[in-house]
Structures are given as C-alpha cells and as structure tokens.
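Structure data (JSON, C-alpha atoms) from work-v7.json:
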```
[["chain", "number", "residue", "atom", "x", "y", "z"],
["A", 25, "MET", "CA", 10.93, -24.33, -1.17],
["A", 26, "ARG", "CA", 10.75, -20.54, -1.53],
["A", 27, "VAL", "CA", 7.28, -20.48, 0.01],
["A", 28, "LEU", "CA", 8.43, -22.51, 3.00],
["A", 29, "LEU", "CA", 11.45, -20.26, 3.47],
["A", 30, "ILE", "CA", 9.34, -17.09, 3.36],
["A", 31, "LYS", "CA", 6.83, -18.50, 5.84],
["A", 32, "GLU", "CA", 9.64, -19.50, 8.21],
["A", 33, "LEU", "CA", 11.12, -16.01, 7.93],
["A", 34, "MET", "CA", 7.74, -14.44, 8.67],
["A", 35, "HIS", "CA", 7.39, -16.50, 11.84],
["A", 36, "LEU", "CA", 10.94, -15.56, 12.84],
["A", 37, "PHE", "CA", 10.29, -11.86, 12.23],
["A", 38, "ALA", "CA", 7.06, -12.09, 14.25],
["A", 39, "LEU", "CA", 9.14, -13.05, 17.30],
["A", 40, "LEU", "CA", 11.12, -9.80, 17.20],
["A", 41, "PRO", "CA", 10.14, -6.30, 18.33],
["A", 42, "LEU", "CA", 9.72, -3.61, 15.68],
["A", 43, "ARG", "CA", 12.81, -1.71, 16.83],
["A", 44, "THR", "CA", 14.98, -4.79, 16.23],
["A", 45, "LEU", "CA", 13.38, -5.50, 12.85],
["A", 46, "HIS", "CA", 14.01, -1.95, 11.67],
["A", 47, "SER", "CA", 17.58, -2.05, 12.92],
["A", 48, "ILE", "CA", 18.32, -5.24, 10.96],
["A", 49, "ALA", "CA", 16.54, -3.87, 7.90],
["A", 50, "THR", "CA", 18.60, -0.68, 8.02],
["A", 51, "GLN", "CA", 21.84, -2.65, 7.92],
["A", 52, "LEU", "CA", 20.55, -4.83, 5.08],
["A", 53, "GLY", "CA", 19.51, -1.77, 3.07],
["A", 54, "ARG", "CA", 22.98, -0.25, 3.46],
["A", 55, "ILE", "CA", 24.59, -3.49, 2.30],
["A", 56, "MET", "CA", 22.33, -3.70, -0.76],
["A", 57, "ALA", "CA", 23.22, -0.11, -1.69],
["A", 58, "GLN", "CA", 26.84, -1.26, -1.94],
["A", 59, "ARG", "CA", 25.94, -4.16, -4.25],
["A", 60, "PRO", "CA", 25.33, -2.52, -7.65],
["A", 61, "LYS", "CA", 24.74, -5.86, -9.42],
["A", 62, "LEU", "CA", 21.71, -6.73, -7.28],
["A", 63, "ARG", "CA", 18.54, -6.40, -9.37],
["A", 64, "LEU", "CA", 16.68, -4.43, -6.67],
["A", 65, "THR", "CA", 19.61, -2.02, -6.37],
["A", 66, "GLN", "CA", 19.76, -1.59, -10.14],
["A", 67, "VAL", "CA", 16.01, -0.90, -10.40],
["A", 68, "THR", "CA", 16.09, 1.52, -7.49],
["A", 69, "ARG", "CA", 19.06, 3.43, -8.88],
["A", 70, "THR", "CA", 17.47, 3.65, -12.34],
["A", 71, "ASN", "CA", 14.20, 4.97, -10.91],
["A", 72, "ILE", "CA", 15.94, 7.55, -8.74],
["A", 73, "ARG", "CA", 17.96, 8.84, -11.69],
["A", 74, "LEU", "CA", 14.86, 9.07, -13.89],
["A", 75, "CYS", "CA", 12.82, 10.88, -11.24],
["A", 76, "PHE", "CA", 15.53, 13.22, -9.96],
["A", 77, "PRO", "CA", 17.84, 13.86, -12.92],
["A", 78, "LYS", "CA", 18.89, 17.32, -11.69],
["A", 79, "GLN", "CA", 20.19, 16.10, -8.36],
["A", 80, "SER", "CA", 23.88, 15.42, -7.86],
["A", 81, "ASN", "CA", 25.24, 11.88, -7.91],
["A", 82, "GLU", "CA", 25.79, 12.10, -4.17],
["A", 83, "ALA", "CA", 22.17, 13.16, -3.54],
["A", 84, "GLN", "CA", 20.89, 10.41, -5.82],
["A", 85, "GLU", "CA", 22.97, 7.76, -4.06],
["A", 86, "ALA", "CA", 21.68, 8.94, -0.69],
["A", 87, "LEU", "CA", 18.12, 8.46, -1.98],
["A", 88, "VAL", "CA", 19.01, 5.02, -3.33],
["A", 89, "LYS", "CA", 20.33, 3.94, 0.05],
["A", 90, "GLN", "CA", 17.34, 5.33, 1.93],
["A", 91, "SER", "CA", 14.91, 3.71, -0.50],
["A", 92, "LEU", "CA", 16.58, 0.32, -0.07],
["A", 93, "ILE", "CA", 16.46, 0.71, 3.71],
["A", 94, "GLU", "CA", 12.73, 1.48, 3.62],
["A", 95, "THR", "CA", 12.10, -1.42, 1.24],
["A", 96, "SER", "CA", 13.92, -3.73, 3.65],
["A", 97, "LYS", "CA", 11.82, -2.43, 6.54],
["A", 98, "ALA", "CA", 8.64, -3.14, 4.57],
["A", 99, "PHE", "CA", 9.69, -6.78, 4.16],
["A", 100, "PHE", "CA", 10.82, -7.29, 7.76],
["A", 101, "GLU", "CA", 7.56, -5.80, 9.09],
["A", 102, "LEU", "CA", 5.40, -8.40, 7.37],
["A", 103, "GLY", "CA", 5.81, -10.94, 10.16],
["A", 104, "ALA", "CA", 4.21, -8.52, 12.60],
["A", 105, "PHE", "CA", 1.48, -7.33, 10.23],
["A", 106, "TRP", "CA", 0.51, -10.83, 9.09],
["A", 107, "LEU", "CA", 0.99, -12.92, 12.23],
["A", 108, "TRP", "CA", 0.66, -10.76, 15.33],
["A", 109, "PRO", "CA", -2.75, -10.67, 17.04],
["A", 110, "THR", "CA", -4.77, -7.83, 15.53],
["A", 111, "ASN", "CA", -4.76, -5.65, 18.65],
["A", 112, "ARG", "CA", -0.99, -5.99, 19.03],
["A", 113, "ALA", "CA", -0.38, -5.06, 15.38],
["A", 114, "LEU", "CA", -2.74, -2.08, 15.63],
["A", 115, "GLY", "CA", -0.93, -1.05, 18.81],
["A", 116, "LEU", "CA", 1.97, -0.01, 16.57],
["A", 117, "VAL", "CA", -0.15, 2.95, 15.43],
["A", 118, "ARG", "CA", 1.03, 5.77, 17.71],
["A", 119, "GLU", "CA", -0.78, 8.66, 16.06],
["A", 120, "VAL", "CA", -3.58, 9.15, 13.54],
["A", 121, "SER", "CA", -4.16, 12.34, 11.55],
["A", 122, "GLY", "CA", -7.19, 13.16, 9.44],
["A", 123, "GLU", "CA", -9.39, 10.19, 10.36],
["A", 124, "ASP", "CA", -12.28, 12.61, 10.76],
["A", 125, "CYS", "CA", -12.29, 13.14, 6.98],
["A", 126, "LEU", "CA", -12.77, 9.40, 6.50],
["A", 127, "GLN", "CA", -15.64, 9.25, 8.98],
["A", 128, "GLN", "CA", -17.29, 12.31, 7.45],
["A", 129, "ALA", "CA", -16.99, 10.77, 3.99],
["A", 130, "ILE", "CA", -18.61, 7.54, 5.23],
["A", 131, "GLN", "CA", -21.51, 9.54, 6.68],
["A", 132, "GLN", "CA", -22.36, 10.87, 3.20],
["A", 133, "SER", "CA", -23.69, 7.35, 2.41],
["A", 134, "LYS", "CA", -22.13, 7.30, -1.06],
["A", 135, "GLY", "CA", -19.40, 4.91, -0.08],
["A", 136, "VAL", "CA", -15.71, 5.81, 0.07],
["A", 137, "VAL", "CA", -12.82, 4.92, -2.20],
["A", 138, "LEU", "CA", -9.79, 4.46, 0.05],
["A", 139, "LEU", "CA", -6.41, 4.62, -1.68],
["A", 140, "THR", "CA", -3.56, 2.80, 0.06],
["A", 141, "PRO", "CA", -0.50, 2.89, -2.21],
["A", 142, "HIS", "CA", 2.76, 1.04, -1.62],
["A", 143, "LEU", "CA", 4.00, 3.86, 0.58],
["A", 144, "GLY", "CA", 5.21, 3.32, 4.12],
["A", 145, "ALA", "CA", 3.52, 0.42, 5.93],
["A", 146, "TRP", "CA", 0.57, -0.18, 3.59],
["A", 147, "GLU", "CA", -0.33, -3.49, 5.24],
["A", 148, "LEU", "CA", -0.84, -1.70, 8.56],
["A", 149, "ALA", "CA", -2.85, 1.08, 6.92],
["A", 150, "GLY", "CA", -5.22, -1.49, 5.44],
["A", 151, "LEU", "CA", -5.49, -3.40, 8.70],
["A", 152, "TYR", "CA", -6.33, -0.22, 10.59],
["A", 153, "ALA", "CA", -8.97, 0.83, 8.07],
["A", 154, "ALA", "CA", -10.58, -2.62, 8.21],
["A", 155, "SER", "CA", -10.84, -2.30, 11.99],
["A", 156, "ARG", "CA", -12.66, 1.05, 11.69],
["A", 157, "CYS", "CA", -15.09, 0.54, 8.81],
["A", 158, "THR", "CA", -16.68, -2.05, 6.52],
["A", 159, "LEU", "CA", -13.89, -2.49, 4.00],
["A", 160, "THR", "CA", -13.75, -4.43, 0.74],
["A", 161, "ALA", "CA", -10.23, -4.33, -0.68],
["A", 162, "LEU", "CA", -8.88, -5.29, -4.08],
["A", 163, "TYR", "CA", -6.20, -7.97, -3.82],
["A", 164, "ARG", "CA", -3.75, -9.23, -6.42],
["A", 165, "PRO", "CA", -2.79, -12.83, -5.54],
["A", 166, "PRO", "CA", 0.96, -13.33, -5.07],
["A", 167, "LYS", "CA", 3.05, -14.98, -7.76],
["A", 168, "LEU", "CA", 3.99, -17.57, -5.15],
["A", 169, "THR", "CA", 0.55, -19.14, -4.83],
["A", 170, "GLY", "CA", 1.55, -20.93, -1.64],
["A", 171, "LEU", "CA", 1.42, -17.59, 0.18],
["A", 172, "HIS", "CA", -2.19, -16.89, -0.80],
["A", 173, "ASP", "CA", -3.85, -18.37, 2.29],
["A", 174, "LEU", "CA", -1.43, -16.63, 4.66],
["A", 175, "ILE", "CA", -1.89, -13.20, 3.09],
["A", 176, "HIS", "CA", -5.64, -13.64, 2.62],
["A", 177, "ALA", "CA", -6.18, -14.57, 6.27],
["A", 178, "ALA", "CA", -3.90, -11.78, 7.49],
["A", 179, "ARG", "CA", -5.74, -9.08, 5.57],
["A", 180, "GLU", "CA", -9.20, -10.27, 6.61],
["A", 181, "ARG", "CA", -8.54, -10.86, 10.30],
["A", 182, "ALA", "CA", -9.57, -7.34, 11.34],
["A", 183, "GLY", "CA", -12.96, -7.74, 9.65],
["A", 184, "GLY", "CA", -12.16, -6.59, 6.13],
["A", 185, "ARG", "CA", -12.94, -8.51, 2.96],
["A", 186, "VAL", "CA", -10.48, -8.99, 0.11],
["A", 187, "VAL", "CA", -11.48, -9.65, -3.50],
["A", 188, "GLN", "CA", -9.26, -10.52, -6.42],
["A", 189, "THR", "CA", -8.24, -8.13, -9.19],
["A", 190, "ASP", "CA", -10.66, -9.45, -11.79],
["A", 191, "LYS", "CA", -14.11, -8.50, -13.09],
["A", 192, "ALA", "CA", -15.83, -10.18, -10.14],
["A", 193, "GLY", "CA", -13.62, -8.24, -7.75],
["A", 194, "VAL", "CA", -14.40, -4.93, -9.43],
["A", 195, "ARG", "CA", -18.13, -5.70, -9.25],
["A", 196, "ALA", "CA", -17.70, -6.38, -5.54],
["A", 197, "LEU", "CA", -16.14, -2.93, -5.12],
["A", 198, "TYR", "CA", -19.08, -1.31, -6.90],
["A", 199, "GLN", "CA", -21.53, -3.19, -4.71],
["A", 200, "ALA", "CA", -19.68, -2.14, -1.57],
["A", 201, "LEU", "CA", -19.82, 1.51, -2.61],
["A", 202, "LEU", "CA", -23.52, 1.32, -3.49],
["A", 203, "GLN", "CA", -24.11, 0.01, 0.04],
["A", 204, "GLY", "CA", -22.27, 3.00, 1.53],
["A", 205, "GLN", "CA", -19.20, 0.96, 2.44],
["A", 206, "VAL", "CA", -15.47, 1.49, 1.81],
["A", 207, "ALA", "CA", -13.60, 0.16, -1.25],
["A", 208, "GLY", "CA", -9.85, -0.19, -0.72],
["A", 209, "ILE", "CA", -7.43, -0.01, -3.64],
["A", 210, "LEU", "CA", -3.65, 0.00, -4.02],
["A", 211, "PRO", "CA", -3.66, 2.54, -6.86],
["A", 212, "ASP", "CA", -0.02, 2.21, -7.93],
["A", 213, "GLN", "CA", -0.35, -1.34, -9.25],
["A", 214, "VAL", "CA", 0.13, -1.70, -13.00],
["A", 215, "PRO", "CA", -3.21, -2.64, -14.65],
["A", 216, "SER", "CA", -3.12, -6.21, -15.92],
["A", 217, "GLU", "CA", -5.86, -5.94, -18.54],
["A", 218, "THR", "CA", -5.72, -4.04, -21.83],
["A", 219, "GLY", "CA", -7.82, -0.88, -21.70],
["A", 220, "SER", "CA", -7.84, -0.70, -17.91],
["A", 221, "GLY", "CA", -5.18, 2.00, -17.73],
["A", 222, "ILE", "CA", -3.74, 5.09, -19.37],
["A", 223, "PHE", "CA", -0.25, 6.56, -19.53],
["A", 224, "ALA", "CA", 0.08, 9.46, -17.10],
["A", 225, "PRO", "CA", 3.17, 11.50, -16.19],
["A", 226, "PHE", "CA", 4.94, 10.49, -12.97],
["A", 227, "PHE", "CA", 7.95, 12.70, -12.21],
["A", 228, "GLY", "CA", 7.82, 13.54, -15.92],
["A", 229, "ILE", "CA", 7.99, 9.86, -16.95],
["A", 230, "PRO", "CA", 4.95, 8.23, -18.66],
["A", 231, "ALA", "CA", 3.65, 5.49, -16.36],
["A", 232, "TYR", "CA", 0.84, 3.06, -17.14],
["A", 233, "THR", "CA", -1.78, 3.92, -14.51],
["A", 234, "MET", "CA", -5.12, 2.37, -13.60],
["A", 235, "VAL", "CA", -8.35, 4.24, -14.37],
["A", 236, "LEU", "CA", -10.44, 2.18, -11.95],
["A", 237, "VAL", "CA", -10.33, 4.81, -9.22],
["A", 238, "SER", "CA", -11.64, 7.50, -11.56],
["A", 239, "ARG", "CA", -14.38, 5.23, -12.86],
["A", 240, "LEU", "CA", -15.51, 4.29, -9.37],
["A", 241, "ALA", "CA", -15.62, 7.94, -8.30],
["A", 242, "ARG", "CA", -17.48, 8.99, -11.45],
["A", 243, "LYS", "CA", -20.13, 6.26, -11.40],
["A", 244, "THR", "CA", -20.90, 6.28, -7.67],
["A", 245, "GLY", "CA", -20.07, 9.79, -6.54],
["A", 246, "ALA", "CA", -17.99, 8.28, -3.73],
["A", 247, "PRO", "CA", -15.41, 10.59, -2.16],
["A", 248, "VAL", "CA", -11.78, 9.50, -2.44],
["A", 249, "ILE", "CA", -9.51, 9.34, 0.60],
["A", 250, "PHE", "CA", -5.75, 8.75, 0.52],
["A", 251, "THR", "CA", -4.06, 6.96, 3.41],
["A", 252, "TYR", "CA", -0.56, 5.85, 4.36],
["A", 253, "ALA", "CA", 1.30, 4.72, 7.48],
["A", 254, "GLU", "CA", 4.46, 6.75, 8.08],
["A", 255, "ARG", "CA", 7.31, 4.98, 9.85],
["A", 256, "LEU", "CA", 8.48, 6.73, 12.99],
["A", 257, "PRO", "CA", 12.23, 6.78, 13.71],
["A", 258, "HIS", "CA", 14.00, 4.08, 15.71],
["A", 259, "GLY", "CA", 11.16, 1.57, 15.40],
["A", 260, "GLN", "CA", 8.84, 3.60, 17.60],
["A", 261, "GLY", "CA", 5.76, 2.73, 15.55],
["A", 262, "PHE", "CA", 3.72, 4.49, 12.89],
["A", 263, "HIS", "CA", 1.85, 7.70, 12.23],
["A", 264, "LEU", "CA", -1.25, 7.01, 10.14],
["A", 265, "HIS", "CA", -2.46, 9.73, 7.77],
["A", 266, "PHE", "CA", -5.85, 10.15, 6.05],
["A", 267, "LEU", "CA", -6.02, 12.84, 3.37],
["A", 268, "GLN", "CA", -9.04, 14.13, 1.48],
["A", 269, "THR", "CA", -8.56, 14.22, -2.29],
["A", 270, "ILE", "CA", -10.49, 16.33, -4.78],
["A", 271, "PHE", "CA", -11.82, 14.78, -7.97],
["A", 272, "ASN", "CA", -13.34, 17.00, -10.64],
["A", 273, "THR", "CA", -16.41, 14.98, -11.61],
["A", 274, "GLN", "CA", -17.01, 17.02, -14.77],
["A", 275, "THR", "CA", -13.47, 16.34, -15.96],
["A", 276, "LEU", "CA", -13.88, 12.64, -15.20],
["A", 277, "HIS", "CA", -16.95, 12.45, -17.41],
["A", 278, "GLN", "CA", -15.00, 14.09, -20.22],
["A", 279, "THR", "CA", -11.82, 12.02, -20.03],
["A", 280, "ILE", "CA", -12.67, 8.50, -18.77]]
```
Starting from the file, lay out its structure as structure tokens.
Amino acid sequence: MRVLLIKELMHLFALLPLRTLHSIATQLGRIMAQRPKLRLTQVTRTNIRLCFPKQSNEAQEALVKQSLIETSKAFFELGAFWLWPTNRALGLVREVSGEDCLQQAIQQSKGVVLLTPHLGAWELAGLYAASRCTLTALYRPPKLTGLHDLIHAARERAGGRVVQTDKAGVRALYQALLQGQVAGILPDQVPSETGSGIFAPFFGIPAYTMVLVSRLARKTGAPVIFTYAERLPHGQGFHLHFLQTIFNTQTLHQTI
C-alpha cells in the first residue's frame, strides 16, 4: 500500500513545475517545524542542537525550519528526477561550476571517485554526471523493495550503471576505476558491514563513516571529486558544483 501511494505521489509531482513543487514543499516544511512530536522534526532538532550548541534557541529553530523545508523539497523533486524525460530533467541545471576539474581528472586515466552526498538535489547531480561520463554508482536498495525497479531505471536512464552496496558492487567500482571510468558514491551513508567504517568527528560529534572512498583512492590513485546540486531560489532550477578534493596518499597508507 505504501509503495503504491509513493508511486502515485511521484506521478502527481511529475505533473507539476518545479516552482510549484518548491512552493508546496516550503509550506509543508513550515508546518512540520510546528509539530514537535513528528519524528523527522525531533531528529532534525536534535541534530541541529548537537551541531550548533553555541547558537541561540531562535537561531537553532530557524535552522530546524529551513532544514525541514529543504528536506521537503528533496522529496517533492523526486517525481521530476525519476519520471521526467532525461533532457527535461537535465534542463533544470541552470549553471555548472568546476566541471573542468572533473574532465581533467578523467583525462588522467586513473579513474575518478565522484562523491555525491545527500546535499541539495543529489539525484540530479548523479543524473547529470551520468550524462557526461561513464559512471558506475553505488546504490543501496530501498527498504520498500517495491520501489527498486522505479529507482533503478530512473538512475540508469542517462547512461549510468548502478550496483548494489555489497562486495560485488565494490568490485564493480574497482573495475570501473581501473578502466579509467567514474565511480559514484554517496559518502554520507552509514556503513552496513562491520569493519567498513571508522568513527570520525562531524561537528565535534563522533559519526560512523565509511572508509571505502579512502581505500579506492589509495589502491587506484584515482582523484576524488565532490559534487552537489544547489537549489536556486523560487524554483528557478539548480546550480551544479564540482569541487576538487585533496587526499594525502601517504596518510592513507598509514591510517587505512
């Protein structure tokens, strides 16, 4: 029942322009901020207080509301990112910064590790990357298994390949890098297997963090690029950013 409802919502959202979707999502986010018993509101408020303990209550509550608004936008956008024709979805990208660093990294023929965290419109960032390069992306199947085919098809329709977060999927990433291709990873997912992560400080709070990115960079010498799709105001579209990161290979050999 939940799967059917979500699919129906996605098709409904796909009928609406981005400006309308963001407007509805903004109102929903404001309503959720006023519902302290909602689990999402509770989790958001707890995280904000842990990360910004020195800010005033008013400043923290403003961040809570804005976070809930952006989370709502991320959900309402899925209809467009999953169901619109590829060219129409990619047409939402109004500006791209730093793509030259991605192309230069690809030309080194060592492969590229592309990090696309859950920041901004990550589905659009992955779709854009898949349309520009040979991309193999790690994919954690949804808890609602009935959504697997929809998400799988949506993420591969621009030419990319998705592989599951298991040993076979990791091997596929290594193979892609050895062939000079791009390996896409959402680096802020909590590792599911024992020994596949370490605790690292995040805003001063220990967070269990994957070591896969470091291992890929160490073993293949592939450069690491960070990307995210920034939402423009009033549903105008997105500004896509590619940022070069610097990994100290010597340190990686010593610590991972």
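Distance-wise, CA of Ala154 (chain A) and CA of Leu92 (chain A) end up 28.5 Å apart.
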Of A:Leu148, A:Val206, A:Val187, A:Ile249, the one sitting nearest Arg118 (chain A) when using all atoms listed in the file is A:Leu148
Take CA of Ser47 (chain A) and CA of Arg59 (chain A) and report the distance between them in Å, one decimal.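 CA of Ser47 (chain A) sits 19.2 Å away from CA of Arg59 (chain A).
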For Arg185 (chain A): contacts at 7 Å, all atoms listed in the file, fewer than 3 positions along chain excluded, given as an MDAnalysis selection string: chainID A and resid 159:161 180
Expected answer as a list in words: all residues with atoms within 12 Å of (-9.8, -1.5, -16.5), all atoms listed in the file =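 Taken together, the residues in range are Thr189, Asp190, Lys191, Gly193, Val194, Arg195, Gln213, Val214, Pro215, Ser216, Glu217, Thr218, Gly219, Ser220, Gly221, Ile222, Tyr232, Thr233, Met234, Val235, Leu236, Val237, Ser238, Arg239, Leu240 and Ile280 of chain A.
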One decimal place gives the CA of Ala178 (chain A)-CA of Ala192 (chain A) separation as 21.3 Å
Which residues of region 47-104 of chain A come within 10 Å of region 251-265 of chain A, and what is each one's closest atom pair and distance in Å (one decimal), counting all atoms listed in the file, sorted by chain and residue number, as JSON lines?
```
{"residue": "A:Ser47", "atom": "CA", "partner": "A:His258", "partner_atom": "CA", "distance": 7.6}
{"residue": "A:Glu94", "atom": "CA", "partner": "A:Arg255", "partner_atom": "CA", "distance": 9.0}
{"residue": "A:Lys97", "atom": "CA", "partner": "A:Arg255", "partner_atom": "CA", "distance": 9.3}
{"residue": "A:Ala98", "atom": "CA", "partner": "A:Arg255", "partner_atom": "CA", "distance": 9.8}
```
Notebook entry, point to check: Looking at A:Pro60, A:Leu138, A:Leu74, A:Leu107, which one is nearest to Met34 (chain A), with distances taken over all atoms listed in the file?
Noted result: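 Answer, going by the shortest atom-to-atom distance: A:Leu107.
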If you count all atoms listed in the file, which residues fall within 7 Å of Phe266 (chain A), apart from same-chain ones fewer than 3 positions away, as a PyMOL selection string?
-> chain A and resi 121-123+126+249-251
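Ranking A:Phe76, A:Tyr198, A:Phe223, A:Trp146 by their shortest atom-to-atom distance to Trp106 (chain A), with all atoms listed in the file included, puts A:Trp146 first.
Between Phe99 (chain A) and the candidates A:Gln203, A:Thr50, A:Thr70, A:Gln131, the tightest atom-to-atom separation, counting all atoms listed in the file, involves A:Thr50.
Of the residues listed (A:Leu168, A:Lys89, A:Gly208, A:Leu42), A:Gly208 shows the shortest atom-to-atom separation from Ala196 (chain A); distances use all atoms listed in the file.
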Among A:Cys75, A:Glu32, A:Gly53, A:Leu45, Gly228 (chain A) is approached most closely, using all atoms listed in the file, by A:Cys75
Limit the output to N, CA and C atoms and give region 206-226 of chain A as a compact mmCIF listing (two decimals), in the first residue's frame.
```txt
# COMPACT_ATOMS: atom_id res chain seq x y z
N VAL A 206 34.36 6.50 -14.05
CA VAL A 206 33.98 7.24 -12.85
C VAL A 206 33.18 6.34 -11.92
N ALA A 207 33.54 6.34 -10.62
CA ALA A 207 32.83 5.59 -9.60
C ALA A 207 32.09 6.58 -8.71
N GLY A 208 30.77 6.48 -8.68
CA GLY A 208 29.95 7.41 -7.89
C GLY A 208 29.56 6.82 -6.55
N ILE A 209 29.72 7.62 -5.50
CA ILE A 209 29.43 7.16 -4.14
C ILE A 209 28.70 8.26 -3.37
N LEU A 210 27.67 7.87 -2.61
CA LEU A 210 27.07 8.77 -1.63
C LEU A 210 27.81 8.54 -0.32
N PRO A 211 28.78 9.39 0.01
CA PRO A 211 29.73 9.08 1.09
C PRO A 211 29.17 9.23 2.50
N ASP A 212 27.97 9.80 2.65
CA ASP A 212 27.45 10.02 3.99
C ASP A 212 26.48 8.92 4.44
N GLN A 213 26.47 7.80 3.72
CA GLN A 213 25.67 6.66 4.17
C GLN A 213 26.43 5.91 5.26
N VAL A 214 25.69 5.43 6.25
CA VAL A 214 26.31 4.68 7.34
C VAL A 214 26.70 3.30 6.82
N PRO A 215 27.98 2.89 6.97
CA PRO A 215 28.40 1.56 6.51
C PRO A 215 27.57 0.47 7.17
N SER A 216 27.19 -0.52 6.39
CA SER A 216 26.32 -1.58 6.90
C SER A 216 27.10 -2.78 7.42
N GLU A 217 28.37 -2.91 7.02
CA GLU A 217 29.15 -4.07 7.42
C GLU A 217 30.18 -3.69 8.48
N THR A 218 30.41 -4.59 9.42
CA THR A 218 31.41 -4.38 10.46
C THR A 218 32.80 -4.26 9.82
N GLY A 219 33.55 -3.26 10.25
CA GLY A 219 34.90 -3.07 9.73
C GLY A 219 34.97 -2.23 8.48
N SER A 220 33.82 -1.78 7.99
CA SER A 220 33.82 -0.98 6.76
C SER A 220 33.73 0.52 7.05
N GLY A 221 33.90 0.88 8.32
CA GLY A 221 33.85 2.29 8.68
C GLY A 221 34.69 2.59 9.91
N ILE A 222 34.86 3.86 10.19
CA ILE A 222 35.54 4.31 11.40
C ILE A 222 34.74 5.48 11.97
N PHE A 223 34.93 5.77 13.24
CA PHE A 223 34.30 6.93 13.84
C PHE A 223 35.17 8.16 13.58
N ALA A 224 34.56 9.17 12.98
CA ALA A 224 35.27 10.41 12.67
C ALA A 224 34.44 11.57 13.18
N PRO A 225 35.09 12.66 13.60
CA PRO A 225 34.33 13.80 14.14
C PRO A 225 33.55 14.54 13.05
N PHE A 226 32.30 14.81 13.33
CA PHE A 226 31.45 15.60 12.43
C PHE A 226 30.77 16.66 13.31
```
